[in-house]
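Contents: one structure, followed by commentary.
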Amino acid sequence: RTCSQMMSFIIETAGKIIVIDGGTAGDAPHLLATLQKLTGAKVPHVDAWFFSHDHSDHVGALVQILRTQPDALTIGTAYYNFPSVQYLKRIEPGSAGEVDEFRAVQPMLWPITETITQGDSYTIGEATFDVLYTADPAKTRHGINESTAVLRMTLAGQTVLFLGDLGIEAGYKLLDMYGDDLKSDF
């Protein structure tokens with residue numbers, strides 16, 4: 001585990017394992033060990049892996065696992081929607097290296113990738129994930145954070161809003177789109 005800023009959630013429901021983001025490269029050993037413990041398997045299976053955006057404090061753990069131990073886990077479906085590399089490098093050139101890290105392992109995920117878009121809904125086990133917002137190339141202030149996917153999970157009658165690192169500009173758009181309907185239990 002690292003002490004850097006990161007986001008990583010593991011949800012277990014009805015025998016399904018769901019990961020949201022995963023943390024930094026330094027978090028990879030802890031994430032893998034936690035998945036092994038939860039599943040009771042040396043090679044854990046993650047049914048669904050959602051990514052909010054491709055900053056290294058969100059995707060770095062999986063990138064590290066795929067680069068160094070590609071057979072250490074299996075993934076059913078990887079869910080994300082990232083803007084093009086060209087767009088991100090133009091809008092936020094300082095993050096180009098972070099984007100390149102994920103893009104280097106992305107071909108390993110292509111066979112299991114589901115591109116999410118606003119309005120989509122996915123049910124995994126007893127959890128339902130509604131996609132409230134995805135990449136918007138019209139948002140140009142902070143390309144990667146402004147392109148964060150926003151998810152709302154409903155589980156056991158409770159809702160959890162996952163905002164990733166949604167930027168201010170996109171946050172206002174989200175509020176304009178949903179208003180009071182954006183309210184969630186967590």
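Just remember, in the structure tokens the first chain shown is A, the second B, etc., residues are 1-based per chain, and ligands are 1-based in the order shown.
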
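Secondary structure by DSSP on the backbone puts the following residues of region 47-103 of chain A in strand (DSSP E or B): A:Asp47, A:Ala48, A:Trp49, A:Phe50, A:Thr74, A:Ile75, A:Gly76, A:Thr77, A:Ala78, A:Tyr79, A:Tyr80.
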
Practice task
as a ChimeraX atom specification, please: all residues of region 59-174 of chain A that backbone DSSP puts in alpha helix (DSSP H).
Solution key: /A:59-68,85-91,96-109,143-146,168-174

Restrict the selected residues to N, CA and C atoms and save them as a compact mmCIF listing (two decimals), in the first residue's frame.
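Contents of out_35.txt, freshly written:
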# COMPACT_ATOMS: atom_id res chain seq x y z
N VAL A 59 -5.50 3.64 -12.28
CA VAL A 59 -5.27 2.44 -13.10
C VAL A 59 -3.90 1.80 -12.89
N GLY A 60 -3.05 2.45 -12.12
CA GLY A 60 -1.66 1.99 -11.98
C GLY A 60 -1.51 0.59 -11.41
N ALA A 61 -2.38 0.21 -10.45
CA ALA A 61 -2.26 -1.13 -9.86
C ALA A 61 -2.50 -2.21 -10.90
N LEU A 62 -3.57 -2.06 -11.69
CA LEU A 62 -3.82 -3.07 -12.71
C LEU A 62 -2.72 -3.05 -13.78
N VAL A 63 -2.27 -1.86 -14.17
CA VAL A 63 -1.19 -1.78 -15.14
C VAL A 63 0.03 -2.56 -14.63
N GLN A 64 0.37 -2.38 -13.36
CA GLN A 64 1.52 -3.08 -12.77
C GLN A 64 1.32 -4.59 -12.79
N ILE A 65 0.13 -5.03 -12.42
CA ILE A 65 -0.16 -6.47 -12.42
C ILE A 65 -0.05 -7.04 -13.83
N LEU A 66 -0.66 -6.36 -14.79
CA LEU A 66 -0.65 -6.87 -16.17
C LEU A 66 0.76 -6.87 -16.77
N ARG A 67 1.59 -5.88 -16.39
CA ARG A 67 2.96 -5.82 -16.92
C ARG A 67 3.87 -6.86 -16.29
N THR A 68 3.69 -7.14 -15.00
CA THR A 68 4.65 -8.00 -14.31
C THR A 68 4.14 -9.40 -14.02
N VAL A 85 -5.93 9.22 -27.07
CA VAL A 85 -4.61 9.64 -26.62
C VAL A 85 -4.28 11.01 -27.22
N GLN A 86 -4.61 11.22 -28.48
CA GLN A 86 -4.30 12.48 -29.14
C GLN A 86 -4.99 13.64 -28.41
N TYR A 87 -6.26 13.45 -28.06
CA TYR A 87 -7.01 14.49 -27.34
C TYR A 87 -6.35 14.78 -25.99
N LEU A 88 -6.06 13.74 -25.24
CA LEU A 88 -5.50 13.93 -23.90
C LEU A 88 -4.12 14.57 -23.95
N LYS A 89 -3.30 14.18 -24.91
CA LYS A 89 -1.96 14.75 -25.00
C LYS A 89 -2.02 16.22 -25.43
N ARG A 90 -3.03 16.58 -26.19
CA ARG A 90 -3.21 17.98 -26.60
C ARG A 90 -3.71 18.81 -25.43
N ILE A 91 -4.67 18.30 -24.69
CA ILE A 91 -5.31 19.04 -23.61
C ILE A 91 -4.47 19.03 -22.34
N ALA A 96 0.84 12.84 -20.22
CA ALA A 96 1.03 11.93 -21.34
C ALA A 96 1.64 10.61 -20.91
N GLY A 97 2.61 10.65 -20.01
CA GLY A 97 3.25 9.41 -19.55
C GLY A 97 2.29 8.50 -18.83
N GLU A 98 1.39 9.08 -18.03
CA GLU A 98 0.39 8.27 -17.31
C GLU A 98 -0.54 7.58 -18.29
N VAL A 99 -0.99 8.32 -19.29
CA VAL A 99 -1.89 7.77 -20.29
C VAL A 99 -1.18 6.65 -21.06
N ASP A 100 0.08 6.87 -21.39
CA ASP A 100 0.84 5.86 -22.14
C ASP A 100 0.98 4.56 -21.36
N GLU A 101 1.09 4.63 -20.03
CA GLU A 101 1.22 3.42 -19.22
C GLU A 101 0.00 2.51 -19.38
N PHE A 102 -1.18 3.10 -19.28
CA PHE A 102 -2.38 2.29 -19.44
C PHE A 102 -2.51 1.81 -20.89
N ARG A 103 -2.25 2.70 -21.82
CA ARG A 103 -2.41 2.35 -23.24
C ARG A 103 -1.47 1.21 -23.64
N ALA A 104 -0.34 1.06 -22.95
CA ALA A 104 0.61 -0.02 -23.26
C ALA A 104 0.02 -1.40 -22.94
N VAL A 105 -0.82 -1.48 -21.90
CA VAL A 105 -1.41 -2.77 -21.54
C VAL A 105 -2.84 -2.92 -22.06
N GLN A 106 -3.38 -1.86 -22.62
CA GLN A 106 -4.77 -1.88 -23.09
C GLN A 106 -5.07 -3.02 -24.07
N PRO A 107 -4.17 -3.39 -24.97
CA PRO A 107 -4.49 -4.52 -25.86
C PRO A 107 -4.81 -5.81 -25.11
N MET A 108 -4.26 -5.98 -23.91
CA MET A 108 -4.56 -7.18 -23.12
C MET A 108 -6.02 -7.16 -22.65
N LEU A 109 -6.61 -5.98 -22.57
CA LEU A 109 -8.00 -5.84 -22.11
C LEU A 109 -9.02 -5.78 -23.25
N GLY A 143 -8.37 17.83 -19.19
CA GLY A 143 -8.81 16.72 -20.01
C GLY A 143 -9.11 15.41 -19.32
N ILE A 144 -8.21 14.90 -18.53
CA ILE A 144 -8.41 13.57 -17.98
C ILE A 144 -9.45 13.60 -16.87
N ASN A 145 -9.31 14.50 -15.89
CA ASN A 145 -10.29 14.55 -14.81
C ASN A 145 -11.68 14.96 -15.30
N GLU A 146 -11.73 15.87 -16.25
CA GLU A 146 -13.02 16.28 -16.80
C GLU A 146 -13.68 15.15 -17.59
N ILE A 168 -14.24 20.32 -11.82
CA ILE A 168 -15.28 21.29 -11.51
C ILE A 168 -16.21 21.54 -12.70
N GLU A 169 -15.61 21.74 -13.86
CA GLU A 169 -16.40 22.04 -15.07
C GLU A 169 -17.39 20.91 -15.37
N ALA A 170 -16.91 19.67 -15.34
CA ALA A 170 -17.79 18.52 -15.59
C ALA A 170 -18.76 18.32 -14.42
N GLY A 171 -18.32 18.66 -13.21
CA GLY A 171 -19.21 18.56 -12.05
C GLY A 171 -20.43 19.45 -12.19
N TYR A 172 -20.22 20.67 -12.68
CA TYR A 172 -21.36 21.56 -12.92
C TYR A 172 -22.29 21.00 -13.99
N LYS A 173 -21.69 20.41 -15.01
CA LYS A 173 -22.52 19.79 -16.05
C LYS A 173 -23.35 18.65 -15.46
N LEU A 174 -22.72 17.84 -14.62
CA LEU A 174 -23.42 16.73 -13.97
C LEU A 174 -24.59 17.25 -13.13

Exercise for the section: Compile the contact shell of region 164-166 of chain A as a list in words: residues with an atom at most 10 Å away, counting only C-alpha atoms, same-chain residues fewer than 4 positions apart removed. Expected result: Met6, Met7, Ser8, Ile20, Asp21, Phe51, Ser52, His53, His55, His58, Tyr133, Thr134, His142, Ile144, Asn145, Glu146, Ser147, Thr148, Ala149, Val150, Leu151, Ala170, Gly171, Tyr172 and Leu174 of chain A

Completion exercise
With distances taken over only C-alpha atoms, the candidate from A:Ile17, A:Val131, A:Leu182, A:Leu161 nearest Gln36 (chain A) is A:Ile17

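Across A:Ser184, A:Thr159, A:Thr123, A:Thr115, the tightest approach to Ile18 (chain A) is made by A:Thr123 when counting only C-alpha atoms.
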
Problem - Separation of CA of Thr74 (chain A) from CA of Ala135 (chain A), in Å and rounded to one decimal - result: 26.4 Å

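In this structure, CA of Gly40 (chain A) sits 13.4 Å away from CA of Ala72 (chain A).
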
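Checking A:Gly125, A:Gly94, A:Pro70, A:Gly167 one by one against Leu155 (chain A), counting only C-alpha atoms, you find the shortest gap at A:Gly125.
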
Fill in the blank from the handout: Computed gap from CA of Met153 (chain A) to CA of Asp130 (chain A) is 6.4 Å

Completion exercise
Of A:Thr154, A:Thr39, A:Gln118, A:Ser56, the one nearest to Lys16 (chain A) when counting only C-alpha atoms is A:Thr39

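For the set A:Ile112, A:Leu132, A:Val46, A:Leu32, the residue with the smallest atom-to-atom gap to Thr13 (chain A) is A:Val46, counting only C-alpha atoms.
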
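Closest approach to Leu38 (chain A) among A:Gly179, A:Tyr79, A:Glu12, A:Trp110: A:Glu12, based on only C-alpha atoms.
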